[in-house]
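Coordinates as given in model18.txt (compact mmCIF, C-alpha atoms and all ligand atoms):
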# COMPACT_ATOMS: atom_id res chain seq x y z
CA MET A 3 -27.05 5.60 26.18
CA ASP A 4 -30.69 6.57 26.04
CA ALA A 5 -32.11 7.87 22.78
CA ALA A 6 -33.02 11.31 24.15
CA LYS A 7 -29.45 11.96 25.29
CA ARG A 8 -28.09 10.81 21.94
CA GLN A 9 -30.51 13.11 20.17
CA GLN A 10 -29.20 16.00 22.29
CA TYR A 11 -25.62 15.28 21.18
CA LEU A 12 -26.66 14.94 17.57
CA LYS A 13 -28.58 18.18 17.72
CA ALA A 14 -25.49 19.91 19.11
CA MET A 15 -23.56 18.42 16.18
CA GLY A 16 -26.08 19.98 13.81
CA ILE A 17 -27.81 16.69 12.98
CA ASP A 18 -31.56 16.88 13.39
CA LEU A 19 -33.02 13.41 13.58
CA TRP A 20 -36.38 11.72 13.59
CA ILE A 21 -36.39 8.95 16.17
CA ASP A 22 -38.85 6.07 16.18
CA ARG A 23 -40.05 6.25 19.80
CA ASN A 24 -41.00 2.57 19.72
CA LYS A 25 -37.41 1.57 18.99
CA ALA A 26 -34.94 3.45 21.16
CA SER A 27 -31.82 1.66 19.91
CA LEU A 28 -28.92 3.18 18.02
CA ASP A 29 -30.20 1.65 14.79
CA ALA A 30 -33.60 3.20 15.32
CA VAL A 31 -31.96 6.60 14.93
CA ALA A 32 -32.89 6.29 11.35
CA SER A 33 -30.65 7.24 8.48
CA PRO A 34 -33.25 6.95 5.68
CA THR A 35 -35.43 9.71 7.12
CA LEU A 36 -32.34 11.73 7.85
CA GLN A 37 -31.08 11.30 4.34
CA THR A 38 -34.37 12.39 2.86
CA ARG A 39 -34.49 15.44 5.08
CA MET A 40 -30.92 16.43 4.43
CA ASP A 41 -31.05 15.54 0.74
CA VAL A 42 -28.00 13.33 0.96
CA SER A 43 -27.27 11.02 -1.93
CA ASP A 44 -26.78 7.41 -0.96
CA HIS A 45 -23.64 6.59 -2.86
CA GLU A 46 -21.53 6.84 0.29
CA SER A 47 -24.18 5.82 2.79
CA GLU A 48 -23.72 3.40 5.65
CA SER A 49 -24.76 0.39 3.60
CA SER A 50 -21.81 0.95 1.30
CA ILE A 51 -19.33 0.29 4.10
CA ALA A 52 -18.47 -3.32 3.45
CA PRO A 53 -15.97 -5.40 5.40
CA ALA A 54 -13.80 -5.74 2.33
CA GLU A 55 -10.07 -6.18 2.56
CA SER A 56 -8.17 -5.11 -0.51
CA ALA A 57 -4.55 -4.57 -1.40
CA VAL A 58 -5.15 -0.87 -0.88
CA SER A 59 -6.68 -1.41 2.56
CA VAL A 60 -3.85 -3.34 4.18
CA ALA A 61 -1.09 -1.09 5.46
CA ALA A 62 2.29 -2.45 4.57
CA ALA A 63 4.37 -3.35 7.62
CA ARG A 64 7.42 -1.20 7.13
CA ALA A 65 10.48 -0.88 9.28
CA PRO A 66 10.58 2.36 11.26
CA LEU A 67 13.06 4.95 10.03
CA ILE A 68 14.29 5.58 13.55
CA ASP A 69 14.24 3.44 16.65
CA VAL A 70 11.73 4.80 19.10
CA PRO A 71 11.33 3.84 22.76
CA THR A 72 8.85 1.03 23.23
CA ASP A 73 7.50 2.22 26.58
CA TRP A 74 5.13 5.12 27.23
CA THR A 75 7.53 7.23 29.30
CA GLY A 76 10.34 6.92 26.79
CA LEU A 77 8.05 7.50 23.85
CA ARG A 78 6.55 10.64 25.40
CA ALA A 79 10.04 12.00 26.09
CA ALA A 80 11.24 11.20 22.56
CA VAL A 81 8.27 12.99 20.99
CA LYS A 82 8.68 15.98 23.32
CA ASP A 83 12.27 16.56 22.21
CA CYS A 84 11.92 15.39 18.60
CA LYS A 85 13.96 17.20 15.97
CA GLY A 86 13.19 14.68 13.24
CA CYS A 87 11.98 17.26 10.73
CA SER A 88 11.85 21.01 10.26
CA LEU A 89 8.46 21.33 11.98
CA CYS A 90 10.41 21.42 15.26
CA GLU A 91 11.66 24.89 14.29
CA THR A 92 8.20 26.46 14.15
CA ARG A 93 6.25 24.54 16.79
CA THR A 94 5.47 25.88 20.26
CA GLN A 95 5.39 22.34 21.59
CA THR A 96 4.75 18.81 20.40
CA VAL A 97 1.27 17.31 20.71
CA PHE A 98 1.66 13.70 21.75
CA GLY A 99 -1.95 12.60 22.08
CA VAL A 100 -4.55 12.27 24.79
CA GLY A 101 -6.63 9.53 26.34
CA PRO A 102 -6.31 6.35 28.34
CA GLU A 103 -3.30 4.22 27.38
CA ASP A 104 -5.57 1.17 27.19
CA ALA A 105 -8.30 2.81 25.10
CA THR A 106 -10.34 0.42 22.95
CA LEU A 107 -10.88 3.11 20.32
CA MET A 108 -8.10 5.17 18.77
CA VAL A 109 -8.88 8.22 16.67
CA VAL A 110 -6.18 9.56 14.37
CA GLY A 111 -6.25 13.07 12.93
CA GLU A 112 -3.90 15.01 10.72
CA GLY A 113 -1.81 17.37 12.82
CA PRO A 114 -2.07 20.05 15.47
CA GLY A 115 -3.51 23.44 14.58
CA ALA A 116 -2.84 26.73 16.33
CA ASP A 117 -4.96 25.90 19.40
CA GLU A 118 -3.36 22.49 19.82
CA ASP A 119 0.14 23.90 19.32
CA ALA A 120 -0.59 26.41 22.07
CA CYS A 121 -1.95 23.98 24.65
CA GLY A 122 -0.26 20.67 23.75
CA GLU A 123 -3.44 18.59 23.40
CA PRO A 124 -5.00 17.37 20.13
CA PHE A 125 -8.40 18.54 18.92
CA VAL A 126 -9.12 21.35 21.36
CA GLY A 127 -10.33 23.95 18.83
CA ARG A 128 -13.71 24.10 17.05
CA ALA A 129 -13.07 20.85 15.20
CA GLY A 130 -12.13 19.25 18.52
CA LYS A 131 -15.38 20.33 20.12
CA LEU A 132 -17.28 18.74 17.25
CA LEU A 133 -15.16 15.58 17.57
CA ASP A 134 -16.01 15.39 21.29
CA LEU A 135 -19.72 15.63 20.43
CA MET A 136 -19.35 12.96 17.76
CA LEU A 137 -17.70 10.65 20.28
CA ALA A 138 -20.26 11.47 22.96
CA SER A 139 -23.05 10.51 20.55
CA ILE A 140 -21.75 6.93 20.68
CA GLY A 141 -21.00 7.01 24.40
CA ARG A 142 -17.26 7.61 24.07
CA SER A 143 -14.85 10.25 25.34
CA ARG A 144 -11.16 11.10 25.49
CA LEU A 145 -11.42 11.01 29.29
CA LYS A 146 -12.72 7.45 29.44
CA ASN A 147 -12.08 5.25 26.45
CA VAL A 148 -10.70 6.99 23.36
CA PHE A 149 -7.06 7.81 22.61
CA ILE A 150 -6.71 10.71 20.17
CA ALA A 151 -3.50 11.25 18.23
CA ASN A 152 -2.34 12.81 14.99
CA VAL A 153 -0.16 11.54 12.16
CA VAL A 154 2.21 14.43 12.83
CA LYS A 155 2.94 15.66 16.32
CA CYS A 156 3.96 19.23 15.43
CA ARG A 157 1.89 21.97 13.85
CA PRO A 158 2.51 22.50 10.13
CA PRO A 159 2.87 26.29 9.74
CA GLY A 160 -0.24 28.04 8.48
CA ASN A 161 -2.19 24.79 8.90
CA ARG A 162 -0.90 23.47 5.57
CA ASP A 163 -0.98 19.71 4.92
CA PRO A 164 1.98 17.85 6.41
CA GLN A 165 4.61 17.13 3.76
CA PRO A 166 5.67 13.56 2.92
CA ARG A 167 9.03 13.83 4.71
CA GLU A 168 7.30 15.20 7.83
CA LEU A 169 4.78 12.37 7.78
CA GLU A 170 7.57 9.86 7.31
CA ALA A 171 9.67 11.32 10.15
CA CYS A 172 6.69 11.06 12.52
CA ARG A 173 5.49 7.63 11.40
CA PRO A 174 7.44 5.59 13.98
CA TYR A 175 5.82 7.52 16.84
CA LEU A 176 2.29 6.79 15.66
CA GLU A 177 3.19 3.16 14.94
CA GLN A 178 4.52 2.76 18.46
CA GLN A 179 1.47 4.45 19.99
CA ILE A 180 -0.78 1.97 18.17
CA LYS A 181 1.39 -0.95 19.31
CA LEU A 182 1.20 0.18 22.94
CA ILE A 183 -2.52 0.92 22.95
CA GLU A 184 -3.58 -2.17 20.98
CA PRO A 185 -6.99 -0.63 20.21
CA ASP A 186 -9.91 -2.74 19.03
CA LEU A 187 -10.56 -0.17 16.32
CA ILE A 188 -8.82 2.80 14.71
CA VAL A 189 -10.82 5.63 13.13
CA ALA A 190 -8.92 7.79 10.64
CA LEU A 191 -10.25 11.34 10.36
CA GLY A 192 -9.91 12.76 6.88
CA ARG A 193 -7.80 12.07 3.83
CA VAL A 194 -4.33 12.82 5.20
CA ALA A 195 -4.70 10.52 8.22
CA ALA A 196 -6.40 7.78 6.22
CA GLN A 197 -3.85 7.77 3.40
CA ARG A 198 -0.97 7.73 5.87
CA LEU A 199 -2.37 4.95 8.06
CA LEU A 200 -3.34 2.81 5.10
CA ALA A 201 -0.28 3.59 2.97
CA SER A 202 -2.64 4.45 0.15
CA ASP A 203 -3.18 7.35 -2.20
CA ALA A 204 -6.83 6.48 -2.85
CA PRO A 205 -9.34 9.31 -2.33
CA LEU A 206 -11.24 9.62 0.94
CA SER A 207 -14.52 8.80 -0.80
CA GLN A 208 -13.10 5.40 -1.72
CA LEU A 209 -11.29 4.69 1.55
CA ARG A 210 -14.43 5.55 3.52
CA LYS A 211 -16.42 2.82 1.81
CA GLU A 212 -14.42 -0.10 3.16
CA LYS A 213 -13.28 -1.55 6.41
CA HIS A 214 -9.49 -1.78 6.42
CA VAL A 215 -6.89 -3.36 8.64
CA TYR A 216 -3.67 -1.92 10.02
CA GLY A 217 -0.36 -3.61 10.74
CA ASP A 218 0.57 -7.11 11.84
CA ALA A 219 -2.17 -7.11 14.46
CA LYS A 220 -4.68 -6.48 11.67
CA THR A 221 -6.43 -3.82 13.73
CA PRO A 222 -9.66 -2.78 11.99
CA VAL A 223 -9.61 0.73 10.55
CA LEU A 224 -12.59 2.84 9.51
CA VAL A 225 -12.24 6.10 7.65
CA THR A 226 -14.56 9.06 8.10
CA TYR A 227 -14.66 12.79 7.52
CA HIS A 228 -12.41 15.17 9.42
CA PRO A 229 -14.50 17.31 11.80
CA ALA A 230 -12.94 20.47 10.33
CA TYR A 231 -14.36 19.39 6.94
CA LEU A 232 -17.76 18.76 8.57
CA LEU A 233 -17.72 22.31 9.94
CA ARG A 234 -17.22 23.57 6.39
CA SER A 235 -19.63 21.07 4.81
CA PRO A 236 -22.41 20.43 7.34
CA ARG A 237 -24.45 18.44 4.84
CA GLU A 238 -21.91 15.62 5.16
CA LYS A 239 -22.76 15.22 8.84
CA ALA A 240 -25.45 12.71 7.91
CA LYS A 241 -22.83 10.44 6.37
CA SER A 242 -20.58 11.01 9.33
CA TRP A 243 -23.37 9.83 11.64
CA ALA A 244 -23.71 6.67 9.53
CA ASP A 245 -19.97 6.12 10.02
CA LEU A 246 -20.27 6.66 13.78
CA LYS A 247 -22.98 4.04 13.99
CA GLN A 248 -20.67 1.63 12.18
CA VAL A 249 -17.91 2.47 14.69
CA SER A 250 -20.28 1.81 17.57
CA ARG A 251 -21.45 -1.50 16.11
CA LEU A 252 -17.92 -2.73 15.50
CA LEU A 253 -16.84 -1.83 19.03
CA ALA A 254 -19.92 -3.51 20.48
CA SER A 255 -19.22 -6.67 18.53
CA GLY A 256 -15.75 -6.66 20.10
CA SER A 257 -14.44 -8.45 17.06
CA LYS A 258 -11.13 -7.79 15.41
CA ALA A 259 -11.19 -7.88 11.61
N1 LIG A 301 -6.99 18.85 13.35
C1 LIG A 301 -6.30 17.70 13.47
O1 LIG A 301 -6.23 16.91 12.52
N2 LIG A 301 -5.71 17.44 14.63
C2 LIG A 301 -5.78 18.25 15.68
O2 LIG A 301 -5.22 17.93 16.72
C3 LIG A 301 -6.52 19.44 15.53
C4 LIG A 301 -7.11 19.73 14.36

Is it possible to give me this structure as structure tokens?
Amino acid sequence: MDAAKRQQYLKAMGIDLWIDRNKASLDAVASPTLQTRMDVSDHESESSIAPAESAVSVAAARAPLIDVPTDWTGLRAAVKDCKGCSLCETRTQTVFGVGPEDATLMVVGEGPGADEDACGEPFVGRAGKLLDLMLASIGRSRLKNVFIANVVKCRPPGNRDPQPRELEACRPYLEQQIKLIEPDLIVALGRVAAQRLLASDAPLSQLRKEKHVYGDAKTPVLVTYHPAYLLRSPREKAKSWADLKQVSRLLASGSKA
């Protein structure tokens, strides 16, 4: 993607960047200038994302609570009719996920909100629009090469956090989606998704600093801010851009952890 187009996306995201015109690469979209301008402390900056693998970062391979179909058609049908927890009583419909079934990047959010519950697709509200811009800034989209899913497939009433038993009831669906997609990289958006995927109770600030792996396939996992949080805390967008550059680099390297 050319630098001018990227700058357009970043501007739409609310990130105003200085670009070195002599170096039009992704890396030339410079974080140091950005950090100075946006007065962002460096304790969670890009350089702190190290490819470390710790006990916390490796998701335990656990047996699913329920058997779920191992093919796409069966899995979609099982999610559609799921009555695995009480969220089925208040949902309008389930929100399975969206994107190509062979996507190289998988993005995992928390759970549907009101807009998603109404239309059956994840991330279609304001946070979704920001997510689409974030993905576009690294040349990605849900139409072409990103599968977007949530850790719970039904809307928690009042947009509260999903409860542990709801997360647990939905876990086999997400596990099976990941197995079917076999992405090169998973990006967890926000604390709830990150803690669930990584079977950890560490804070987001800590999880965001490391590269993790998920499951037997040791799929690399990066953790970044939820777009809804970025809408509330726009100053964190600089760090989120650092994370996106890391995502782009990892995908370009094509390497699994
Ligand atoms: N927030 C999420 O985590 N997921 C959605 O689908 C929408 C908003």

With a cut-off of 9 Å, could you pull out the residues of chain A touching ligand LIG 301 (chain A) and give me the nearest pair of atoms for each, distance in Å to one decimal, using only C-alpha atoms and all ligand atoms, ordered by chain and ascending number, as a Markdown table?
| residue | atom | partner | partner_atom | distance |
| --- | --- | --- | --- | --- |
| A:Val97 | CA | A:LIG301 | O2 | 7.6 |
| A:Gly99 | CA | A:LIG301 | O2 | 8.2 |
| A:Val110 | CA | A:LIG301 | O1 | 7.6 |
| A:Gly111 | CA | A:LIG301 | O1 | 3.9 |
| A:Glu112 | CA | A:LIG301 | O1 | 3.5 |
| A:Gly113 | CA | A:LIG301 | N2 | 4.3 |
| A:Pro114 | CA | A:LIG301 | O2 | 4.0 |
| A:Gly115 | CA | A:LIG301 | C3 | 5.1 |
| A:Ala116 | CA | A:LIG301 | C3 | 8.2 |
| A:Asp117 | CA | A:LIG301 | C3 | 7.7 |
| A:Glu118 | CA | A:LIG301 | O2 | 5.8 |
| A:Asp119 | CA | A:LIG301 | O2 | 8.4 |
| A:Glu123 | CA | A:LIG301 | O2 | 6.9 |
| A:Pro124 | CA | A:LIG301 | O2 | 3.5 |
| A:Phe125 | CA | A:LIG301 | O2 | 3.9 |
| A:Val126 | CA | A:LIG301 | C3 | 6.7 |
| A:Gly127 | CA | A:LIG301 | C3 | 6.8 |
| A:Arg128 | CA | A:LIG301 | C4 | 8.4 |
| A:Ala129 | CA | A:LIG301 | C4 | 6.1 |
| A:Gly130 | CA | A:LIG301 | C3 | 6.4 |
| A:Ile150 | CA | A:LIG301 | O2 | 8.1 |
| A:Ala151 | CA | A:LIG301 | O2 | 7.1 |
| A:Asn152 | CA | A:LIG301 | N2 | 5.7 |
| A:Val153 | CA | A:LIG301 | O1 | 8.1 |
| A:Val154 | CA | A:LIG301 | N2 | 8.7 |
| A:Lys155 | CA | A:LIG301 | O2 | 8.5 |
| A:Arg157 | CA | A:LIG301 | O2 | 8.7 |
| A:Asn161 | CA | A:LIG301 | N1 | 8.8 |
| A:Leu191 | CA | A:LIG301 | O1 | 7.2 |
| A:Gly192 | CA | A:LIG301 | O1 | 7.9 |
| A:Val194 | CA | A:LIG301 | O1 | 8.6 |
| A:Ala195 | CA | A:LIG301 | O1 | 7.9 |
| A:His228 | CA | A:LIG301 | O1 | 7.1 |
| A:Pro229 | CA | A:LIG301 | N1 | 7.8 |
| A:Ala230 | CA | A:LIG301 | N1 | 6.9 |

Expected file contents, prior selection, C-alpha atoms, as a compact mmCIF listing (two decimals), in the coordinates of the input:
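Final output, saved to out.txt:
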# COMPACT_ATOMS: atom_id res chain seq x y z
CA VAL A 97 1.27 17.31 20.71
CA GLY A 99 -1.95 12.60 22.08
CA VAL A 110 -6.18 9.56 14.37
CA GLY A 111 -6.25 13.07 12.93
CA GLU A 112 -3.90 15.01 10.72
CA GLY A 113 -1.81 17.37 12.82
CA PRO A 114 -2.07 20.05 15.47
CA GLY A 115 -3.51 23.44 14.58
CA ALA A 116 -2.84 26.73 16.33
CA ASP A 117 -4.96 25.90 19.40
CA GLU A 118 -3.36 22.49 19.82
CA ASP A 119 0.14 23.90 19.32
CA GLU A 123 -3.44 18.59 23.40
CA PRO A 124 -5.00 17.37 20.13
CA PHE A 125 -8.40 18.54 18.92
CA VAL A 126 -9.12 21.35 21.36
CA GLY A 127 -10.33 23.95 18.83
CA ARG A 128 -13.71 24.10 17.05
CA ALA A 129 -13.07 20.85 15.20
CA GLY A 130 -12.13 19.25 18.52
CA ILE A 150 -6.71 10.71 20.17
CA ALA A 151 -3.50 11.25 18.23
CA ASN A 152 -2.34 12.81 14.99
CA VAL A 153 -0.16 11.54 12.16
CA VAL A 154 2.21 14.43 12.83
CA LYS A 155 2.94 15.66 16.32
CA ARG A 157 1.89 21.97 13.85
CA ASN A 161 -2.19 24.79 8.90
CA LEU A 191 -10.25 11.34 10.36
CA GLY A 192 -9.91 12.76 6.88
CA VAL A 194 -4.33 12.82 5.20
CA ALA A 195 -4.70 10.52 8.22
CA HIS A 228 -12.41 15.17 9.42
CA PRO A 229 -14.50 17.31 11.80
CA ALA A 230 -12.94 20.47 10.33

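Between A:Val249 and the residues A:Lys146, A:Arg193, A:Lys82, A:Lys213, the shortest atom-to-atom distance, using only C-alpha atoms, involves A:Lys213.
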
inquiry  = Can you pull out the residues contacting stretch 88-93 of chain A? Cut-off 7 Å, using all atoms listed in the file, and skip same-chain residues under 3 positions away; I want them as a list in words.
reply    =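 With the cut-off at 7 Å, the set is Lys85, Thr96, Asp119, Cys156, Arg157, Pro158 and Pro159 of chain A.
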
Point (-14.1, 9.0, 20.5), cut-off 7 Å, counting only C-alpha atoms, residues as a PDB file with C-alpha atoms, keeping the file's coordinate frame:
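Result file is point13.pdb:
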ATOM      1  CA  LEU A 107     -10.880   3.110  20.320  1.00  0.00           C
ATOM      2  CA  VAL A 109      -8.880   8.220  16.670  1.00  0.00           C
ATOM      3  CA  ASP A 134     -16.010  15.390  21.290  1.00  0.00           C
ATOM      4  CA  LEU A 137     -17.700  10.650  20.280  1.00  0.00           C
ATOM      5  CA  ARG A 142     -17.260   7.610  24.070  1.00  0.00           C
ATOM      6  CA  SER A 143     -14.850  10.250  25.340  1.00  0.00           C
ATOM      7  CA  ARG A 144     -11.160  11.100  25.490  1.00  0.00           C
ATOM      8  CA  VAL A 148     -10.700   6.990  23.360  1.00  0.00           C
TER       9      VAL A 148
END

query = From the list A:Asp4, A:His214, A:Gly86, A:Ala240, which residue is nearest A:Glu168 when using only C-alpha atoms?
reply = A:Gly86

Skip A:Leu145 itself and residues of its chain fewer than 3 positions away, then list as an mmCIF file with C-alpha atoms, keeping the file's coordinate frame all residues within 10 Å of it, counting all atoms listed in the file.
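Produced file part_24.cif, reproduced below:
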data_model
loop_
_atom_site.group_PDB
_atom_site.id
_atom_site.type_symbol
_atom_site.label_atom_id
_atom_site.label_comp_id
_atom_site.auth_asym_id
_atom_site.auth_seq_id
_atom_site.Cartn_x
_atom_site.Cartn_y
_atom_site.Cartn_z
ATOM 1 C CA VAL A 100 -4.550 12.270 24.790
ATOM 2 C CA GLY A 101 -6.630 9.530 26.340
ATOM 3 C CA PRO A 102 -6.310 6.350 28.340
ATOM 4 C CA ALA A 105 -8.300 2.810 25.100
ATOM 5 C CA ARG A 142 -17.260 7.610 24.070
ATOM 6 C CA VAL A 148 -10.700 6.990 23.360
ATOM 7 C CA PHE A 149 -7.060 7.810 22.610
#

task = For a cut-off of 9 Å around (-10.5, 3.9, 4.4), file coordinates, pick out all residues using all atoms listed in the file and list them as a list in words.
result =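 Here is the list of nearby residues: Val58, Ser59, Val189, Ala190, Arg193, Ala196, Gln197, Leu199, Leu200, Ser202, Ala204, Pro205, Leu206, Ser207, Gln208, Leu209, Arg210, Lys211, Glu212, Lys213, His214, Val223, Leu224, Val225 and Thr226 of chain A.
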
Residue subset to file, keeping C-alpha atoms, as a PDB file, in the frame of the given file:
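out.pdb written:
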ATOM      1  CA  VAL A  58      -5.150  -0.870  -0.880  1.00  0.00           C
ATOM      2  CA  SER A  59      -6.680  -1.410   2.560  1.00  0.00           C
ATOM      3  CA  VAL A 189     -10.820   5.630  13.130  1.00  0.00           C
ATOM      4  CA  ALA A 190      -8.920   7.790  10.640  1.00  0.00           C
ATOM      5  CA  ARG A 193      -7.800  12.070   3.830  1.00  0.00           C
ATOM      6  CA  ALA A 196      -6.400   7.780   6.220  1.00  0.00           C
ATOM      7  CA  GLN A 197      -3.850   7.770   3.400  1.00  0.00           C
ATOM      8  CA  LEU A 199      -2.370   4.950   8.060  1.00  0.00           C
ATOM      9  CA  LEU A 200      -3.340   2.810   5.100  1.00  0.00           C
ATOM     10  CA  SER A 202      -2.640   4.450   0.150  1.00  0.00           C
ATOM     11  CA  ALA A 204      -6.830   6.480  -2.850  1.00  0.00           C
ATOM     12  CA  PRO A 205      -9.340   9.310  -2.330  1.00  0.00           C
ATOM     13  CA  LEU A 206     -11.240   9.620   0.940  1.00  0.00           C
ATOM     14  CA  SER A 207     -14.520   8.800  -0.800  1.00  0.00           C
ATOM     15  CA  GLN A 208     -13.100   5.400  -1.720  1.00  0.00           C
ATOM     16  CA  LEU A 209     -11.290   4.690   1.550  1.00  0.00           C
ATOM     17  CA  ARG A 210     -14.430   5.550   3.520  1.00  0.00           C
ATOM     18  CA  LYS A 211     -16.420   2.820   1.810  1.00  0.00           C
ATOM     19  CA  GLU A 212     -14.420  -0.100   3.160  1.00  0.00           C
ATOM     20  CA  LYS A 213     -13.280  -1.550   6.410  1.00  0.00           C
ATOM     21  CA  HIS A 214      -9.490  -1.780   6.420  1.00  0.00           C
ATOM     22  CA  VAL A 223      -9.610   0.730  10.550  1.00  0.00           C
ATOM     23  CA  LEU A 224     -12.590   2.840   9.510  1.00  0.00           C
ATOM     24  CA  VAL A 225     -12.240   6.100   7.650  1.00  0.00           C
ATOM     25  CA  THR A 226     -14.560   9.060   8.100  1.00  0.00           C
TER      26      THR A 226
END

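Across the model, the gap from atom CA of A:Leu187 to atom CA of A:Pro222 is 5.1 Å.
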
inquiry  = Just checking: using only C-alpha atoms, which residue out of A:Met108, A:Leu12, A:Met3, A:Cys121 ends up closest to A:Lys181?
reply    =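 That would be A:Met108, the residue with the smallest distance to A:Lys181.
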
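Atom CA of A:Val70 to atom CA of A:Arg162 spans 26.3 Å [interatomic distance, one decimal].
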
task = Measure the distance from atom CA of A:Cys87 to atom CA of A:Asp163 in Å and round it to one decimal.
result =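 Taking atom CA of A:Cys87 as the start and atom CA of A:Asp163 as the end point, the length is 14.4 Å.
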